[in-house]
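*Asks:* Mind having a look at this structure? Questions to follow.
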Amino acid sequence: MNAPLLARMRWQFVLGDDLFSEAIAWYGEGYGGYSHVDALLPNGSLLGARNDVVGGKPAGVQIRPPEYERWKRRAIVELACTSIEFSLWQGWLISQIGQKYDKAAILGFLTGKADHTDGYWICSALQTGALEEVKRIPKLIVPPQQVTPNTLLVVLSALGAKVTIRNA
Amino acid sequence: MSILSSVFSGLLAAVKSEEEQALLPPLAAMFNNVALNPTTANFVAQGNLFLSEAIAAQAKIGQDVLKSIAADLAVAAQEVANQQNQQQAVNQAAPAPAPAPATAAKPSVGSFLAGRAAK
């Protein structure tokens with residue numbers, strides 16, 4: 001499909017202000033990494049999967065308000081796309097609202113086992129799943145639940161996404 | 001444009017309660033804007049704008065209505081994408097246009113020389 005690229009998928013990658021977030025950001029990247037990713041919707045709200053109650057929303061996949069937490073560092077990532085791709089991407093993400101956080105997948109990172117609960121998501125798996133769903137990326141060599149925020153950021157930069165670093 | 005009428009029907013059906021009727025003005029704006037420029041590309045763009053309004057009104061309309069609206073619009077976007085892909089396949093399969101008729105053939109060097117020799 002050679003439709004013009006009129007829209008932009010956007011994400012906010014952040015480094016949380018706590019030790020657990022620092023550990024996630026370090027994992028697989030060493031330094032300069034991120035601990036969480038949300039889809040950044042056109043009205044500035046953030047759609048993502050979290051394991052905590054924050055921003056007035058329960059854990060799991062939710063739309064949370066902008067600035068729902070204090071972060072140490074953040075990157076805004078933009079990927080040009082067609083209006084149809086944007087519609088499918090946003091529609092699929094919204095269809096996942098209410099799904100639970102995938103605690104088993106986090107345990108799998110620590111134990112080295114492919115633990116995962118179908119239909120549950122960690123933050124970066126949700127965003128990877130959305131990109132695979134709209135066929136903006138092929139099925140990766142690892143399943144979505146094995147994709148960390150750092151890995152997803154590298155995938156997006158390889159696709160030509162524009163990355164803007166902001167020190168929070 | 002049968003996609004449009006079915007999507008509009010679905011969206012109207014989703015907007016029922018008093019709280020959800022907050023979405024009627026942006027829905028009406030979507031109808032008007034699509035009517036002014038009834039292309040599939042504009043329909044998808046207007047749908048995305050309407051969905052942004054629905055996201056902003058999530059606290060009023062609730063999660064289920066938002067998901068229903070997003071699903072209707074995503075189905076329509078997928079149908080538009082399928083139609084575009086089919087059209088592209090048809091265009092690629094169509095035979096190449098016939099070449100333009102050749103202009104009067106120039107005399108070959110041989111016939112030119114033969115003509116000269118005959119004089």
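Here, A, B, ... name the chains of the structure tokens in the order displayed, residue numbers run from 1 inside each chain, and ligands are numbered from 1 in the same displayed order.
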So which residues touch Phe43 (chain B) within 9 Å, counting only C-alpha atoms, skipping near sequence neighbours fewer than 4 positions away, as a list in words?

*Replies:*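 What passes the distance filter is Leu4, Met30, Asn33, Val34, Asn37, Pro38, Thr39, Gly47, Asn48 and Ala77 of chain B.
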
*Asks:* Considering only C-alpha atoms, return as a ChimeraX atom specification whatever protein or nucleic-acid residues lie within 6 Å of region 59-74 of chain B, sequence-local ones (same chain, fewer than 3 positions apart) excluded.

*Replies:* /A:87-88,91,94-95 /B:19-20,77

*Asks:* Considering only C-alpha atoms, tabulate each residue of chain A that lies at most 10 Å from chain B along with its nearest interatomic pair and the corresponding distance in Å to one decimal; arrange the rows by chain and ascending residue number and present them as a tab-separated table.

*Replies:*
residue	atom	partner	partner_atom	distance
A:Met1	CA	B:Asn85	CA	6.2
A:Asn2	CA	B:Gln88	CA	9.0
A:Ala3	CA	B:Gln84	CA	8.9
A:Pro4	CA	B:Ala41	CA	9.9
A:Leu6	CA	B:Ala45	CA	9.1
A:Ala7	CA	B:Ala45	CA	8.8
A:Leu41	CA	B:Ser52	CA	7.9
A:Pro42	CA	B:Ser52	CA	6.6
A:Asn43	CA	B:Ser52	CA	6.6
A:Gly44	CA	B:Ala56	CA	9.5
A:Ser45	CA	B:Ala56	CA	8.4
A:Gln62	CA	B:Gln63	CA	9.3
A:Ile63	CA	B:Ile55	CA	8.4
A:Pro65	CA	B:Ala56	CA	9.9
A:Thr82	CA	B:Ala41	CA	9.5
A:Ser83	CA	B:Ala45	CA	6.0
A:Ile84	CA	B:Ala77	CA	5.5
A:Glu85	CA	B:Ala77	CA	8.1
A:Phe86	CA	B:Asn48	CA	7.9
A:Ser87	CA	B:Ala74	CA	5.9
A:Leu88	CA	B:Ala74	CA	5.1
A:Trp89	CA	B:Ala74	CA	8.4
A:Gln90	CA	B:Ala70	CA	7.8
A:Gly91	CA	B:Ala70	CA	4.8
A:Trp92	CA	B:Ala74	CA	7.6
A:Leu93	CA	B:Ala70	CA	9.2
A:Ile94	CA	B:Lys67	CA	5.9
A:Ser95	CA	B:Lys67	CA	5.5
A:Gln96	CA	B:Lys67	CA	8.5
A:Ile97	CA	B:Gln63	CA	7.6
A:Gly98	CA	B:Gln63	CA	8.3
A:Val134	CA	B:Gln78	CA	9.6

*Asks:* Any chance you could list, as a PyMOL selection string, the residues in region 21-103 of chain B that come up alpha helix (DSSP H) when DSSP is run on the backbone?

*Replies:* chain B and resi 24-36+40-56+58-61+63-93

*Asks:* Write out as a PyMOL selection string which residues come within 8 Å of Gly48 (chain A) when counting only C-alpha atoms, dropping same-chain ones fewer than 5 positions away.

*Replies:* chain A and resi 37-39+60-64+123+126-127

*Asks:* Would you save the residues from that selection as a PDB file, in the first residue's frame, using all heavy atoms?

*Replies:*
ATOM      1  N   VAL A  37       7.309   2.015  28.917  1.00  0.00           N
ATOM      2  CA  VAL A  37       6.850   2.674  27.681  1.00  0.00           C
ATOM      3  C   VAL A  37       5.331   2.690  27.646  1.00  0.00           C
ATOM      4  O   VAL A  37       4.668   1.721  28.029  1.00  0.00           O
ATOM      5  CB  VAL A  37       7.420   1.974  26.424  1.00  0.00           C
ATOM      6  CG1 VAL A  37       7.058   0.494  26.377  1.00  0.00           C
ATOM      7  CG2 VAL A  37       6.954   2.665  25.154  1.00  0.00           C
ATOM      8  N   ASP A  38       4.781   3.817  27.216  1.00  0.00           N
ATOM      9  CA  ASP A  38       3.341   3.983  26.971  1.00  0.00           C
ATOM     10  C   ASP A  38       3.154   4.495  25.546  1.00  0.00           C
ATOM     11  O   ASP A  38       4.022   5.209  25.018  1.00  0.00           O
ATOM     12  CB  ASP A  38       2.743   5.066  27.895  1.00  0.00           C
ATOM     13  CG  ASP A  38       2.573   4.606  29.328  1.00  0.00           C
ATOM     14  OD1 ASP A  38       2.012   3.525  29.548  1.00  0.00           O
ATOM     15  OD2 ASP A  38       3.014   5.352  30.238  1.00  0.00           O
ATOM     16  N   ALA A  39       2.008   4.187  24.953  1.00  0.00           N
ATOM     17  CA  ALA A  39       1.624   4.860  23.711  1.00  0.00           C
ATOM     18  C   ALA A  39       1.154   6.265  24.084  1.00  0.00           C
ATOM     19  O   ALA A  39       0.410   6.434  25.046  1.00  0.00           O
ATOM     20  CB  ALA A  39       0.505   4.098  23.016  1.00  0.00           C
ATOM     21  N   GLY A  60      -2.703  -2.830  35.116  1.00  0.00           N
ATOM     22  CA  GLY A  60      -3.109  -3.419  33.846  1.00  0.00           C
ATOM     23  C   GLY A  60      -3.106  -2.386  32.736  1.00  0.00           C
ATOM     24  O   GLY A  60      -2.500  -1.312  32.875  1.00  0.00           O
ATOM     25  N   VAL A  61      -3.783  -2.701  31.637  1.00  0.00           N
ATOM     26  CA  VAL A  61      -3.801  -1.802  30.480  1.00  0.00           C
ATOM     27  C   VAL A  61      -4.879  -0.739  30.701  1.00  0.00           C
ATOM     28  O   VAL A  61      -6.055  -1.073  30.881  1.00  0.00           O
ATOM     29  CB  VAL A  61      -4.080  -2.580  29.170  1.00  0.00           C
ATOM     30  CG1 VAL A  61      -4.098  -1.626  27.979  1.00  0.00           C
ATOM     31  CG2 VAL A  61      -3.061  -3.683  28.969  1.00  0.00           C
ATOM     32  N   GLN A  62      -4.465   0.511  30.705  1.00  0.00           N
ATOM     33  CA  GLN A  62      -5.370   1.640  30.952  1.00  0.00           C
ATOM     34  C   GLN A  62      -4.888   2.868  30.185  1.00  0.00           C
ATOM     35  O   GLN A  62      -3.721   2.943  29.804  1.00  0.00           O
ATOM     36  CB  GLN A  62      -5.401   1.998  32.445  1.00  0.00           C
ATOM     37  CG  GLN A  62      -6.005   0.938  33.341  1.00  0.00           C
ATOM     38  CD  GLN A  62      -7.498   0.758  33.168  1.00  0.00           C
ATOM     39  OE1 GLN A  62      -8.202   1.675  32.689  1.00  0.00           O
ATOM     40  NE2 GLN A  62      -7.998  -0.426  33.494  1.00  0.00           N
ATOM     41  N   ILE A  63      -5.786   3.825  30.010  1.00  0.00           N
ATOM     42  CA  ILE A  63      -5.388   5.159  29.548  1.00  0.00           C
ATOM     43  C   ILE A  63      -5.189   6.006  30.793  1.00  0.00           C
ATOM     44  O   ILE A  63      -6.111   6.160  31.598  1.00  0.00           O
ATOM     45  CB  ILE A  63      -6.458   5.793  28.643  1.00  0.00           C
ATOM     46  CG1 ILE A  63      -6.628   4.958  27.375  1.00  0.00           C
ATOM     47  CG2 ILE A  63      -6.071   7.221  28.278  1.00  0.00           C
ATOM     48  CD1 ILE A  63      -7.711   5.469  26.435  1.00  0.00           C
ATOM     49  N   ARG A  64      -3.976   6.526  30.945  1.00  0.00           N
ATOM     50  CA  ARG A  64      -3.654   7.329  32.135  1.00  0.00           C
ATOM     51  C   ARG A  64      -3.365   8.774  31.716  1.00  0.00           C
ATOM     52  O   ARG A  64      -2.978   9.031  30.571  1.00  0.00           O
ATOM     53  CB  ARG A  64      -2.452   6.709  32.868  1.00  0.00           C
ATOM     54  CG  ARG A  64      -2.754   5.292  33.361  1.00  0.00           C
ATOM     55  CD  ARG A  64      -1.604   4.643  34.108  1.00  0.00           C
ATOM     56  NE  ARG A  64      -2.026   3.365  34.670  1.00  0.00           N
ATOM     57  CZ  ARG A  64      -2.001   2.197  34.005  1.00  0.00           C
ATOM     58  NH1 ARG A  64      -1.556   2.154  32.762  1.00  0.00           N
ATOM     59  NH2 ARG A  64      -2.424   1.085  34.568  1.00  0.00           N
ATOM     60  N   CYS A 123       4.521  -3.747  29.717  1.00  0.00           N
ATOM     61  CA  CYS A 123       4.394  -2.500  28.947  1.00  0.00           C
ATOM     62  C   CYS A 123       4.917  -2.627  27.522  1.00  0.00           C
ATOM     63  O   CYS A 123       4.222  -2.275  26.556  1.00  0.00           O
ATOM     64  CB  CYS A 123       5.084  -1.361  29.681  1.00  0.00           C
ATOM     65  SG  CYS A 123       6.879  -1.545  29.889  1.00  0.00           S
ATOM     66  N   LEU A 126       2.979  -5.051  25.122  1.00  0.00           N
ATOM     67  CA  LEU A 126       1.742  -4.465  24.589  1.00  0.00           C
ATOM     68  C   LEU A 126       2.041  -3.630  23.343  1.00  0.00           C
ATOM     69  O   LEU A 126       1.374  -3.757  22.311  1.00  0.00           O
ATOM     70  CB  LEU A 126       1.076  -3.589  25.655  1.00  0.00           C
ATOM     71  CG  LEU A 126      -0.179  -2.852  25.205  1.00  0.00           C
ATOM     72  CD1 LEU A 126      -1.340  -3.811  24.986  1.00  0.00           C
ATOM     73  CD2 LEU A 126      -0.569  -1.786  26.222  1.00  0.00           C
ATOM     74  N   GLN A 127       3.072  -2.781  23.450  1.00  0.00           N
ATOM     75  CA  GLN A 127       3.388  -1.898  22.309  1.00  0.00           C
ATOM     76  C   GLN A 127       3.971  -2.690  21.142  1.00  0.00           C
ATOM     77  O   GLN A 127       3.707  -2.360  19.974  1.00  0.00           O
ATOM     78  CB  GLN A 127       4.366  -0.794  22.754  1.00  0.00           C
ATOM     79  CG  GLN A 127       3.900   0.005  23.963  1.00  0.00           C
ATOM     80  CD  GLN A 127       2.541   0.667  23.782  1.00  0.00           C
ATOM     81  OE1 GLN A 127       2.132   0.971  22.652  1.00  0.00           O
ATOM     82  NE2 GLN A 127       1.827   0.903  24.873  1.00  0.00           N
TER      83      GLN A 127
END

*Asks:* Counting only C-alpha atoms, which of A:Ile106, A:Ala130, A:Val163, A:Leu153 gets nearest to Ile24 (chain A)?

*Replies:*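 Among the listed residues, the smallest separation from Ile24 (chain A) belongs to A:Ile106.
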
*Asks:* Could you give me, as JSON, numbers by chain, the residues within 9 Å of Ser124 (chain A), counting only C-alpha atoms and dropping anything in the same chain fewer than 5 positions from it?

*Replies:* {"A": [36, 37, 38, 48, 49, 129, 144, 145, 146, 147, 148, 149, 150, 151, 152]}

*Asks:* What separation in Å, quoted to one decimal, exists between CA of Lys162 (chain A) and CA of Ile76 (chain A)?

*Replies:*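 About the pair CA of Lys162 (chain A) and CA of Ile76 (chain A): they are 8.1 Å apart.
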
*Asks:* How would you write, as number ranges by chain, the set of residues in chain A that DSSP gives as strand (DSSP E or B)?

*Replies:* A: 7-16, 36-40, 46-50, 54, 57, 60-64, 71-81, 101, 121, 162-166

*Asks:* What is the CA of Leu107 (chain A) to CA of Ala75 (chain A) distance in Å?

*Replies:*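 Distance reported for this atom pair: 26.3 Å.
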
*Asks:* Pick out the residues sitting within 8 Å of Tyr120 (chain A), and hand them over as a PyMOL selection string; count only C-alpha atoms, and ignore anything fewer than 3 positions along from it in its own chain.

*Replies:* chain A and resi 99-102+116-117

*Asks:* With N, CA, C and O atoms retained, export the selected residues as a PDB file, in the first residue's frame.

*Replies:*
ATOM      1  N   GLN A  99      -7.153  -5.320  30.157  1.00  0.00           N
ATOM      2  CA  GLN A  99      -6.368  -6.550  30.271  1.00  0.00           C
ATOM      3  C   GLN A  99      -5.381  -6.412  31.437  1.00  0.00           C
ATOM      4  O   GLN A  99      -4.937  -5.309  31.764  1.00  0.00           O
ATOM      5  N   LYS A 100      -5.011  -7.540  32.048  1.00  0.00           N
ATOM      6  CA  LYS A 100      -4.195  -7.484  33.254  1.00  0.00           C
ATOM      7  C   LYS A 100      -2.694  -7.416  32.939  1.00  0.00           C
ATOM      8  O   LYS A 100      -2.274  -7.708  31.819  1.00  0.00           O
ATOM      9  N   TYR A 101      -1.934  -7.032  33.961  1.00  0.00           N
ATOM     10  CA  TYR A 101      -0.476  -6.966  33.829  1.00  0.00           C
ATOM     11  C   TYR A 101       0.101  -8.383  33.889  1.00  0.00           C
ATOM     12  O   TYR A 101      -0.350  -9.207  34.696  1.00  0.00           O
ATOM     13  N   ASP A 102       1.103  -8.637  33.055  1.00  0.00           N
ATOM     14  CA  ASP A 102       1.663  -9.981  32.918  1.00  0.00           C
ATOM     15  C   ASP A 102       2.815 -10.192  33.911  1.00  0.00           C
ATOM     16  O   ASP A 102       3.989 -10.141  33.533  1.00  0.00           O
ATOM     17  N   HIS A 116       4.501 -16.759  30.730  1.00  0.00           N
ATOM     18  CA  HIS A 116       3.680 -15.698  30.153  1.00  0.00           C
ATOM     19  C   HIS A 116       2.229 -16.134  30.288  1.00  0.00           C
ATOM     20  O   HIS A 116       1.917 -17.314  30.162  1.00  0.00           O
ATOM     21  N   THR A 117       1.347 -15.191  30.557  1.00  0.00           N
ATOM     22  CA  THR A 117      -0.086 -15.508  30.618  1.00  0.00           C
ATOM     23  C   THR A 117      -0.758 -14.889  29.398  1.00  0.00           C
ATOM     24  O   THR A 117      -0.670 -13.674  29.194  1.00  0.00           O
TER      25      THR A 117
END

*Asks:* Have a look at CA of Gln12 (chain A) and CA of Leu46 (chain A) and let me know their distance in Å, one decimal.

*Replies:*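 Pair CA of Gln12 (chain A) / CA of Leu46 (chain A) returns 8.0 Å.
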